[in-house]
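**Student:** Let me give you the structure first, and then I'll get to my questions.
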Amino acid sequence: MAQSMSDKICMVTGANSGIGKVTALELARKGATVIMVCRDRGRAEPVLAEIRQATGNSRVELMIADLSSQQSIRQLADGFKAKYDRLHVLVNNAGAILFQRTLTPDGLETTFAVNHLGGFLLTNLLLDTIKASAPARIINVSSGAHVGARIHFDDLQAEKSFSAWRAYGQSKLANILFTVELTRRLEGTGVTANALHPGFVRSNFAGTSRLAKAMIGLMQPFTISPEQGAETSIYLASSPDVEGVTGKYFVKCRPVKSTRASTDPETARRLWQVSEQLTGL
């Protein structure tokens, strides 16, 4: 996977903007078949055309899915498997932070549903295909926001108390715990799973609320570009340096220690079981 990825099939969620777009672009530039998973066709189709033109790679495709809807995720997985029998790289990139509590069509708190359960469900639905493609890689985009967070098993849906930052931190902690348990379950399969912190990236992931825009605006001087933020995702998806490396948390293309709470095996197993129940797996 060093120079050319022409024999690889990659899927990137949240691929129409920010680090997802850059990740899709660079994997396409390396020659991979790239499946862009996006929610809004109107916004995604111009990006699809842009990536094809910029890379000269016609094997970039668009699949529409709303990761807040489990039905939509299941339709995505079915649609993918109807066309492809291999998936070498899955980048669970899509994410959001919401400044008020909302519910998904499945009645779940949206931040937790999109940032954790969406990737959890999609990965599991595609896992047989990924295993059949080994060596293969699963990359979960987490965040430094997991520091100080915990999984509120007694209030996962933030019914008792909602805070945007608490909900976001919990979901990003869940990304790493998911990676920990997934790594254990994938032992011996030739499939690796790693998580990463992209840095504080200038993007529109915070949505369109005035409060969100104001807060992000104040923090702009401390942000990095999507190109910089995507570097670790691209590295984990394509570099021969991490062939066989699994169960790690990467920052700036280097493995670092995440918090003790994020690597606790009992918490990881419990979260997996709860996530199975919430997604009907």
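Each chain in the structure tokens gets a letter, A, B and so on, in the order shown; residues start at 1 in every chain, and ligands are counted from 1 in the order they appear.
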Enumerate, in order of chain and increasing residue number, the residues of segment 33-115 of chain A with an atom no farther than 12 Å from segment 237-259 of chain A, each with its shortest atom pair and distance in Å to one decimal, counting only C-alpha atoms, as JSON lines.
**Tutor:**
{"residue": "A:Val34", "atom": "CA", "partner": "A:Ala237", "partner_atom": "CA", "distance": 11.8}
{"residue": "A:Leu87", "atom": "CA", "partner": "A:Ala237", "partner_atom": "CA", "distance": 12.0}
{"residue": "A:His88", "atom": "CA", "partner": "A:Ala237", "partner_atom": "CA", "distance": 9.0}
{"residue": "A:Val89", "atom": "CA", "partner": "A:Ala237", "partner_atom": "CA", "distance": 6.3}
{"residue": "A:Leu90", "atom": "CA", "partner": "A:Ala237", "partner_atom": "CA", "distance": 8.1}
{"residue": "A:Val91", "atom": "CA", "partner": "A:Ala237", "partner_atom": "CA", "distance": 7.7}
{"residue": "A:Asn92", "atom": "CA", "partner": "A:Ala237", "partner_atom": "CA", "distance": 11.2}
{"residue": "A:Asn93", "atom": "CA", "partner": "A:Ala237", "partner_atom": "CA", "distance": 12.0}
**Student:** Compile the contact shell of segment 94-110 of chain A as a PyMOL selection string: residues with an atom at most 10 Å away, counting only C-alpha atoms, same-chain residues fewer than 5 positions apart removed.
**Tutor:** chain A and resi 12-20+37-39+67-71+115-119+140-142+156-159+161-165+167-169+171-172+204-212+278-279
**Student:** Which of segment 19-253 of chain A counts as strand (DSSP E) under DSSP, as a PyMOL selection string please?
**Tutor:** chain A and resi 33-38+60-64+89-92+136-141+191-197+249-251
**Student:** Write the selection just made, keeping C-alpha atoms, as a PDB file, in the first residue's frame?
**Tutor:**
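Printed below is selection_37.pdb as written:
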ATOM      1  CA  THR A  33     -11.388   2.759  -5.538  1.00  0.00           C
ATOM      2  CA  VAL A  34     -13.010   5.191  -3.109  1.00  0.00           C
ATOM      3  CA  ILE A  35     -16.570   5.032  -1.828  1.00  0.00           C
ATOM      4  CA  MET A  36     -17.615   8.428  -0.505  1.00  0.00           C
ATOM      5  CA  VAL A  37     -20.401   8.084   2.050  1.00  0.00           C
ATOM      6  CA  CYS A  38     -22.320  11.344   2.380  1.00  0.00           C
ATOM      7  CA  VAL A  60     -14.540   7.318  -7.034  1.00  0.00           C
ATOM      8  CA  GLU A  61     -18.173   6.668  -6.199  1.00  0.00           C
ATOM      9  CA  LEU A  62     -20.848   8.215  -4.029  1.00  0.00           C
ATOM     10  CA  MET A  63     -23.194   6.369  -1.701  1.00  0.00           C
ATOM     11  CA  ILE A  64     -25.828   8.307   0.204  1.00  0.00           C
ATOM     12  CA  VAL A  89     -10.007   0.228   4.199  1.00  0.00           C
ATOM     13  CA  LEU A  90     -12.922   1.634   6.215  1.00  0.00           C
ATOM     14  CA  VAL A  91     -12.487   5.149   7.584  1.00  0.00           C
ATOM     15  CA  ASN A  92     -15.201   5.955  10.131  1.00  0.00           C
ATOM     16  CA  ALA A 136      -7.453  -4.753   5.776  1.00  0.00           C
ATOM     17  CA  ARG A 137      -7.709  -1.692   7.979  1.00  0.00           C
ATOM     18  CA  ILE A 138     -10.406   0.013  10.058  1.00  0.00           C
ATOM     19  CA  ILE A 139      -9.716   3.597  11.099  1.00  0.00           C
ATOM     20  CA  ASN A 140     -11.862   5.380  13.688  1.00  0.00           C
ATOM     21  CA  VAL A 141     -11.572   9.162  13.871  1.00  0.00           C
ATOM     22  CA  VAL A 191      -7.642  -6.870  10.002  1.00  0.00           C
ATOM     23  CA  THR A 192      -6.267  -3.976  12.035  1.00  0.00           C
ATOM     24  CA  ALA A 193      -8.206  -1.295  13.903  1.00  0.00           C
ATOM     25  CA  ASN A 194      -6.770   2.011  15.065  1.00  0.00           C
ATOM     26  CA  ALA A 195      -8.138   5.306  16.372  1.00  0.00           C
ATOM     27  CA  LEU A 196      -6.792   8.808  15.915  1.00  0.00           C
ATOM     28  CA  HIS A 197      -7.010  12.428  16.970  1.00  0.00           C
ATOM     29  CA  TYR A 249      -4.320   5.694  19.224  1.00  0.00           C
ATOM     30  CA  PHE A 250      -2.466   7.994  16.837  1.00  0.00           C
ATOM     31  CA  VAL A 251      -1.747  11.725  16.934  1.00  0.00           C
TER      32      VAL A 251
END
**Student:** Taking the DSSP secondary structure from the backbone, can you list the residues of segment 44-278 of chain A that are alpha helix (DSSP H), as a short mmCIF file (atom, residue, chain, number, x, y, z; two decimals) with N, CA and C atoms, in the first residue's frame?
**Tutor:**
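Wrote result-v4.cif, looks like this:
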data_model
loop_
_atom_site.label_atom_id
_atom_site.label_comp_id
_atom_site.auth_asym_id
_atom_site.auth_seq_id
_atom_site.Cartn_x
_atom_site.Cartn_y
_atom_site.Cartn_z
N ALA A 44 -22.80 16.66 -2.08
CA ALA A 44 -21.74 15.67 -2.31
C ALA A 44 -21.36 15.52 -3.78
N GLU A 45 -22.32 15.65 -4.68
CA GLU A 45 -22.02 15.40 -6.09
C GLU A 45 -20.98 16.35 -6.67
N PRO A 46 -21.02 17.66 -6.33
CA PRO A 46 -19.93 18.52 -6.82
C PRO A 46 -18.56 18.11 -6.28
N VAL A 47 -18.51 17.62 -5.04
CA VAL A 47 -17.24 17.17 -4.46
C VAL A 47 -16.76 15.91 -5.17
N LEU A 48 -17.68 15.02 -5.47
CA LEU A 48 -17.34 13.82 -6.24
C LEU A 48 -16.69 14.20 -7.57
N ALA A 49 -17.33 15.12 -8.30
CA ALA A 49 -16.80 15.56 -9.59
C ALA A 49 -15.43 16.22 -9.41
N GLU A 50 -15.29 17.01 -8.35
CA GLU A 50 -14.02 17.69 -8.08
C GLU A 50 -12.90 16.69 -7.84
N ILE A 51 -13.17 15.66 -7.03
CA ILE A 51 -12.14 14.66 -6.73
C ILE A 51 -11.77 13.86 -7.97
N ARG A 52 -12.76 13.48 -8.76
CA ARG A 52 -12.47 12.74 -9.99
C ARG A 52 -11.59 13.56 -10.93
N GLN A 53 -11.92 14.85 -11.07
CA GLN A 53 -11.17 15.71 -11.97
C GLN A 53 -9.76 15.96 -11.44
N ALA A 54 -9.63 16.19 -10.13
CA ALA A 54 -8.33 16.50 -9.54
C ALA A 54 -7.37 15.33 -9.58
N THR A 55 -7.91 14.11 -9.51
CA THR A 55 -7.06 12.92 -9.42
C THR A 55 -6.97 12.13 -10.72
N GLN A 70 -30.41 4.16 11.56
CA GLN A 70 -29.93 2.78 11.44
C GLN A 70 -30.47 2.11 10.18
N GLN A 71 -31.67 2.45 9.78
CA GLN A 71 -32.20 1.91 8.53
C GLN A 71 -31.35 2.34 7.34
N SER A 72 -30.95 3.62 7.34
CA SER A 72 -30.12 4.14 6.26
C SER A 72 -28.75 3.45 6.24
N ILE A 73 -28.18 3.20 7.41
CA ILE A 73 -26.89 2.52 7.49
C ILE A 73 -27.01 1.09 6.96
N ARG A 74 -28.08 0.41 7.30
CA ARG A 74 -28.29 -0.95 6.81
C ARG A 74 -28.47 -0.97 5.29
N GLN A 75 -29.16 0.02 4.76
CA GLN A 75 -29.32 0.13 3.31
C GLN A 75 -27.97 0.39 2.63
N LEU A 76 -27.15 1.22 3.27
CA LEU A 76 -25.81 1.48 2.75
C LEU A 76 -24.99 0.20 2.69
N ALA A 77 -24.98 -0.55 3.78
CA ALA A 77 -24.20 -1.79 3.82
C ALA A 77 -24.70 -2.78 2.78
N ASP A 78 -26.01 -2.92 2.66
CA ASP A 78 -26.58 -3.83 1.67
C ASP A 78 -26.21 -3.39 0.25
N GLY A 79 -26.31 -2.08 -0.01
CA GLY A 79 -25.99 -1.57 -1.33
C GLY A 79 -24.53 -1.77 -1.68
N PHE A 80 -23.66 -1.58 -0.69
CA PHE A 80 -22.23 -1.78 -0.94
C PHE A 80 -21.94 -3.25 -1.24
N LYS A 81 -22.48 -4.13 -0.42
CA LYS A 81 -22.18 -5.56 -0.58
C LYS A 81 -22.80 -6.15 -1.85
N ALA A 82 -23.85 -5.50 -2.35
CA ALA A 82 -24.43 -5.96 -3.61
C ALA A 82 -23.50 -5.68 -4.79
N LYS A 83 -22.60 -4.72 -4.62
CA LYS A 83 -21.72 -4.31 -5.72
C LYS A 83 -20.28 -4.77 -5.51
N THR A 110 -28.56 12.30 19.38
CA THR A 110 -27.94 12.35 18.06
C THR A 110 -26.41 12.29 18.10
N THR A 111 -25.78 12.98 19.03
CA THR A 111 -24.32 12.97 19.08
C THR A 111 -23.78 11.56 19.27
N PHE A 112 -24.33 10.84 20.23
CA PHE A 112 -23.90 9.46 20.50
C PHE A 112 -24.22 8.56 19.31
N GLY A 118 -23.21 4.95 14.75
CA GLY A 118 -23.19 4.88 13.29
C GLY A 118 -22.00 4.08 12.78
N GLY A 119 -20.81 4.41 13.27
CA GLY A 119 -19.62 3.67 12.87
C GLY A 119 -19.61 2.25 13.40
N PHE A 120 -20.12 2.07 14.61
CA PHE A 120 -20.20 0.74 15.20
C PHE A 120 -21.07 -0.18 14.35
N LEU A 121 -22.25 0.30 13.97
CA LEU A 121 -23.17 -0.51 13.19
C LEU A 121 -22.62 -0.77 11.79
N LEU A 122 -22.13 0.27 11.13
CA LEU A 122 -21.61 0.11 9.77
C LEU A 122 -20.44 -0.87 9.74
N THR A 123 -19.53 -0.73 10.69
CA THR A 123 -18.37 -1.63 10.75
C THR A 123 -18.82 -3.08 10.91
N ASN A 124 -19.73 -3.31 11.82
CA ASN A 124 -20.17 -4.69 12.05
C ASN A 124 -20.92 -5.27 10.85
N LEU A 125 -21.70 -4.45 10.18
CA LEU A 125 -22.42 -4.93 8.99
C LEU A 125 -21.48 -5.28 7.84
N LEU A 126 -20.33 -4.62 7.80
CA LEU A 126 -19.36 -4.84 6.73
C LEU A 126 -18.22 -5.75 7.15
N LEU A 127 -18.24 -6.24 8.38
CA LEU A 127 -17.07 -6.92 8.94
C LEU A 127 -16.71 -8.20 8.18
N ASP A 128 -17.67 -8.98 7.75
CA ASP A 128 -17.35 -10.19 6.99
C ASP A 128 -16.64 -9.84 5.69
N THR A 129 -17.09 -8.79 5.03
CA THR A 129 -16.45 -8.35 3.79
C THR A 129 -15.04 -7.85 4.06
N ILE A 130 -14.87 -7.12 5.15
CA ILE A 130 -13.54 -6.61 5.51
C ILE A 130 -12.60 -7.77 5.83
N LYS A 131 -13.07 -8.74 6.58
CA LYS A 131 -12.24 -9.91 6.92
C LYS A 131 -11.84 -10.67 5.67
N ALA A 164 -23.38 19.78 25.47
CA ALA A 164 -22.80 19.49 24.16
C ALA A 164 -21.40 18.90 24.30
N TRP A 165 -20.60 19.49 25.18
CA TRP A 165 -19.23 19.02 25.31
C TRP A 165 -19.17 17.65 25.98
N ARG A 166 -20.02 17.41 26.97
CA ARG A 166 -20.04 16.11 27.63
C ARG A 166 -20.47 15.03 26.64
N ALA A 167 -21.50 15.32 25.85
CA ALA A 167 -21.99 14.35 24.87
C ALA A 167 -20.93 14.07 23.82
N TYR A 168 -20.25 15.11 23.37
CA TYR A 168 -19.21 14.94 22.35
C TYR A 168 -18.03 14.15 22.91
N GLY A 169 -17.58 14.53 24.11
CA GLY A 169 -16.46 13.82 24.73
C GLY A 169 -16.77 12.36 24.96
N GLN A 170 -17.99 12.07 25.41
CA GLN A 170 -18.40 10.68 25.60
C GLN A 170 -18.35 9.91 24.29
N SER A 171 -18.82 10.52 23.21
CA SER A 171 -18.84 9.82 21.92
C SER A 171 -17.44 9.57 21.40
N LYS A 172 -16.53 10.51 21.63
CA LYS A 172 -15.16 10.34 21.17
C LYS A 172 -14.41 9.32 22.02
N LEU A 173 -14.73 9.26 23.31
CA LEU A 173 -14.21 8.19 24.17
C LEU A 173 -14.72 6.85 23.68
N ALA A 174 -15.99 6.82 23.30
CA ALA A 174 -16.58 5.57 22.79
C ALA A 174 -15.86 5.09 21.53
N ASN A 175 -15.39 6.02 20.69
CA ASN A 175 -14.65 5.63 19.48
C ASN A 175 -13.41 4.82 19.83
N ILE A 176 -12.71 5.24 20.87
CA ILE A 176 -11.48 4.54 21.25
C ILE A 176 -11.80 3.21 21.93
N LEU A 177 -12.80 3.20 22.80
CA LEU A 177 -13.21 1.96 23.45
C LEU A 177 -13.71 0.95 22.42
N PHE A 178 -14.42 1.41 21.41
CA PHE A 178 -14.86 0.55 20.31
C PHE A 178 -13.64 -0.04 19.62
N THR A 179 -12.62 0.77 19.39
CA THR A 179 -11.40 0.29 18.74
C THR A 179 -10.71 -0.78 19.59
N VAL A 180 -10.69 -0.58 20.91
CA VAL A 180 -10.05 -1.53 21.82
C VAL A 180 -10.73 -2.90 21.74
N GLU A 181 -12.05 -2.92 21.84
CA GLU A 181 -12.77 -4.20 21.82
C GLU A 181 -12.77 -4.80 20.42
N LEU A 182 -12.85 -3.96 19.40
CA LEU A 182 -12.79 -4.46 18.02
C LEU A 182 -11.46 -5.13 17.75
N THR A 183 -10.38 -4.53 18.24
CA THR A 183 -9.06 -5.12 18.08
C THR A 183 -9.00 -6.51 18.69
N ARG A 184 -9.56 -6.65 19.88
CA ARG A 184 -9.56 -7.95 20.55
C ARG A 184 -10.33 -8.98 19.72
N ARG A 185 -11.47 -8.59 19.20
CA ARG A 185 -12.29 -9.51 18.43
C ARG A 185 -11.70 -9.85 17.07
N ARG A 210 -26.09 29.45 15.48
CA ARG A 210 -25.33 30.68 15.72
C ARG A 210 -24.31 30.50 16.82
N LEU A 211 -24.69 29.78 17.88
CA LEU A 211 -23.78 29.55 18.99
C LEU A 211 -22.56 28.78 18.52
N ALA A 212 -22.81 27.72 17.73
CA ALA A 212 -21.71 26.90 17.24
C ALA A 212 -20.76 27.73 16.39
N LYS A 213 -21.33 28.52 15.48
CA LYS A 213 -20.50 29.33 14.60
C LYS A 213 -19.70 30.35 15.40
N ALA A 214 -20.32 30.94 16.41
CA ALA A 214 -19.62 31.93 17.23
C ALA A 214 -18.46 31.30 17.98
N MET A 215 -18.69 30.12 18.57
CA MET A 215 -17.64 29.45 19.34
C MET A 215 -16.49 29.03 18.43
N ILE A 216 -16.83 28.44 17.29
CA ILE A 216 -15.79 28.01 16.35
C ILE A 216 -15.01 29.22 15.84
N GLY A 217 -15.75 30.33 15.61
CA GLY A 217 -15.09 31.54 15.14
C GLY A 217 -14.04 32.04 16.12
N LEU A 218 -14.36 32.01 17.40
CA LEU A 218 -13.43 32.46 18.42
C LEU A 218 -12.18 31.58 18.48
N MET A 219 -12.35 30.31 18.13
CA MET A 219 -11.24 29.37 18.24
C MET A 219 -10.45 29.21 16.95
N PRO A 226 -7.93 21.38 7.09
CA PRO A 226 -8.38 20.00 6.84
C PRO A 226 -7.26 19.14 6.26
N GLU A 227 -6.39 19.74 5.44
CA GLU A 227 -5.28 18.98 4.88
C GLU A 227 -4.34 18.47 5.97
N GLN A 228 -4.07 19.33 6.95
CA GLN A 228 -3.24 18.90 8.08
C GLN A 228 -3.97 17.88 8.93
N GLY A 229 -5.26 18.10 9.15
CA GLY A 229 -6.04 17.21 9.99
C GLY A 229 -6.21 15.82 9.41
N GLU A 231 -4.00 14.16 7.67
CA GLU A 231 -2.74 13.45 7.46
C GLU A 231 -2.69 12.10 8.17
N THR A 232 -3.18 12.05 9.40
CA THR A 232 -3.09 10.80 10.16
C THR A 232 -4.06 9.77 9.60
N SER A 233 -5.24 10.19 9.19
CA SER A 233 -6.20 9.25 8.58
C SER A 233 -5.60 8.64 7.32
N ILE A 234 -5.00 9.48 6.48
CA ILE A 234 -4.40 9.00 5.23
C ILE A 234 -3.23 8.06 5.53
N TYR A 235 -2.43 8.43 6.51
CA TYR A 235 -1.29 7.60 6.92
C TYR A 235 -1.75 6.21 7.37
N LEU A 236 -2.76 6.17 8.24
CA LEU A 236 -3.25 4.88 8.74
C LEU A 236 -3.91 4.06 7.64
N ALA A 237 -4.49 4.73 6.66
CA ALA A 237 -5.17 4.02 5.57
C ALA A 237 -4.21 3.47 4.53
N SER A 238 -3.04 4.10 4.40
CA SER A 238 -2.21 3.78 3.23
C SER A 238 -0.76 3.42 3.49
N PRO A 265 -10.51 -2.55 29.41
CA PRO A 265 -11.15 -3.61 28.65
C PRO A 265 -12.57 -3.93 29.10
N GLU A 266 -12.84 -3.80 30.40
CA GLU A 266 -14.19 -4.09 30.89
C GLU A 266 -15.19 -3.05 30.39
N THR A 267 -14.79 -1.79 30.41
CA THR A 267 -15.66 -0.73 29.89
C THR A 267 -15.89 -0.93 28.39
N ALA A 268 -14.83 -1.31 27.69
CA ALA A 268 -14.94 -1.53 26.24
C ALA A 268 -15.91 -2.66 25.93
N ARG A 269 -15.83 -3.75 26.71
CA ARG A 269 -16.75 -4.88 26.48
C ARG A 269 -18.19 -4.50 26.82
N ARG A 270 -18.36 -3.76 27.89
CA ARG A 270 -19.71 -3.35 28.29
C ARG A 270 -20.32 -2.41 27.24
N LEU A 271 -19.51 -1.47 26.75
CA LEU A 271 -20.00 -0.56 25.72
C LEU A 271 -20.39 -1.32 24.46
N TRP A 272 -19.60 -2.32 24.10
CA TRP A 272 -19.91 -3.13 22.92
C TRP A 272 -21.27 -3.81 23.08
N GLN A 273 -21.49 -4.40 24.25
CA GLN A 273 -22.76 -5.10 24.49
C GLN A 273 -23.95 -4.15 24.43
N VAL A 274 -23.79 -2.97 25.04
CA VAL A 274 -24.87 -1.98 25.01
C VAL A 274 -25.11 -1.49 23.58
N SER A 275 -24.02 -1.31 22.85
CA SER A 275 -24.13 -0.84 21.47
C SER A 275 -24.82 -1.87 20.59
N GLU A 276 -24.55 -3.14 20.83
CA GLU A 276 -25.25 -4.21 20.11
C GLU A 276 -26.76 -4.12 20.36
N GLN A 277 -27.12 -3.91 21.60
CA GLN A 277 -28.53 -3.81 21.94
C GLN A 277 -29.18 -2.61 21.28
N LEU A 278 -28.50 -1.47 21.29
CA LEU A 278 -29.07 -0.24 20.74
C LEU A 278 -29.16 -0.26 19.22
#
**Student:** Using atom CA of Ala24 of chain A and atom CA of Thr189 of chain A as the two end points, give the distance in Å to one decimal.
**Tutor:**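 Answer for the atom CA of Ala24 of chain A to atom CA of Thr189 of chain A separation: 25.5 Å.
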**Student:** Record the distance separating atom CA of Tyr84 of chain A and atom CA of Val22 of chain A, expressed in Å with one decimal.
**Tutor:**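 The value is 23.3 Å.
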**Student:** Would you compute the distance between atom CA of Ser143 of chain A and atom CA of Gly199 of chain A? Give it in Å to one decimal.
**Tutor:** 7.3 Å
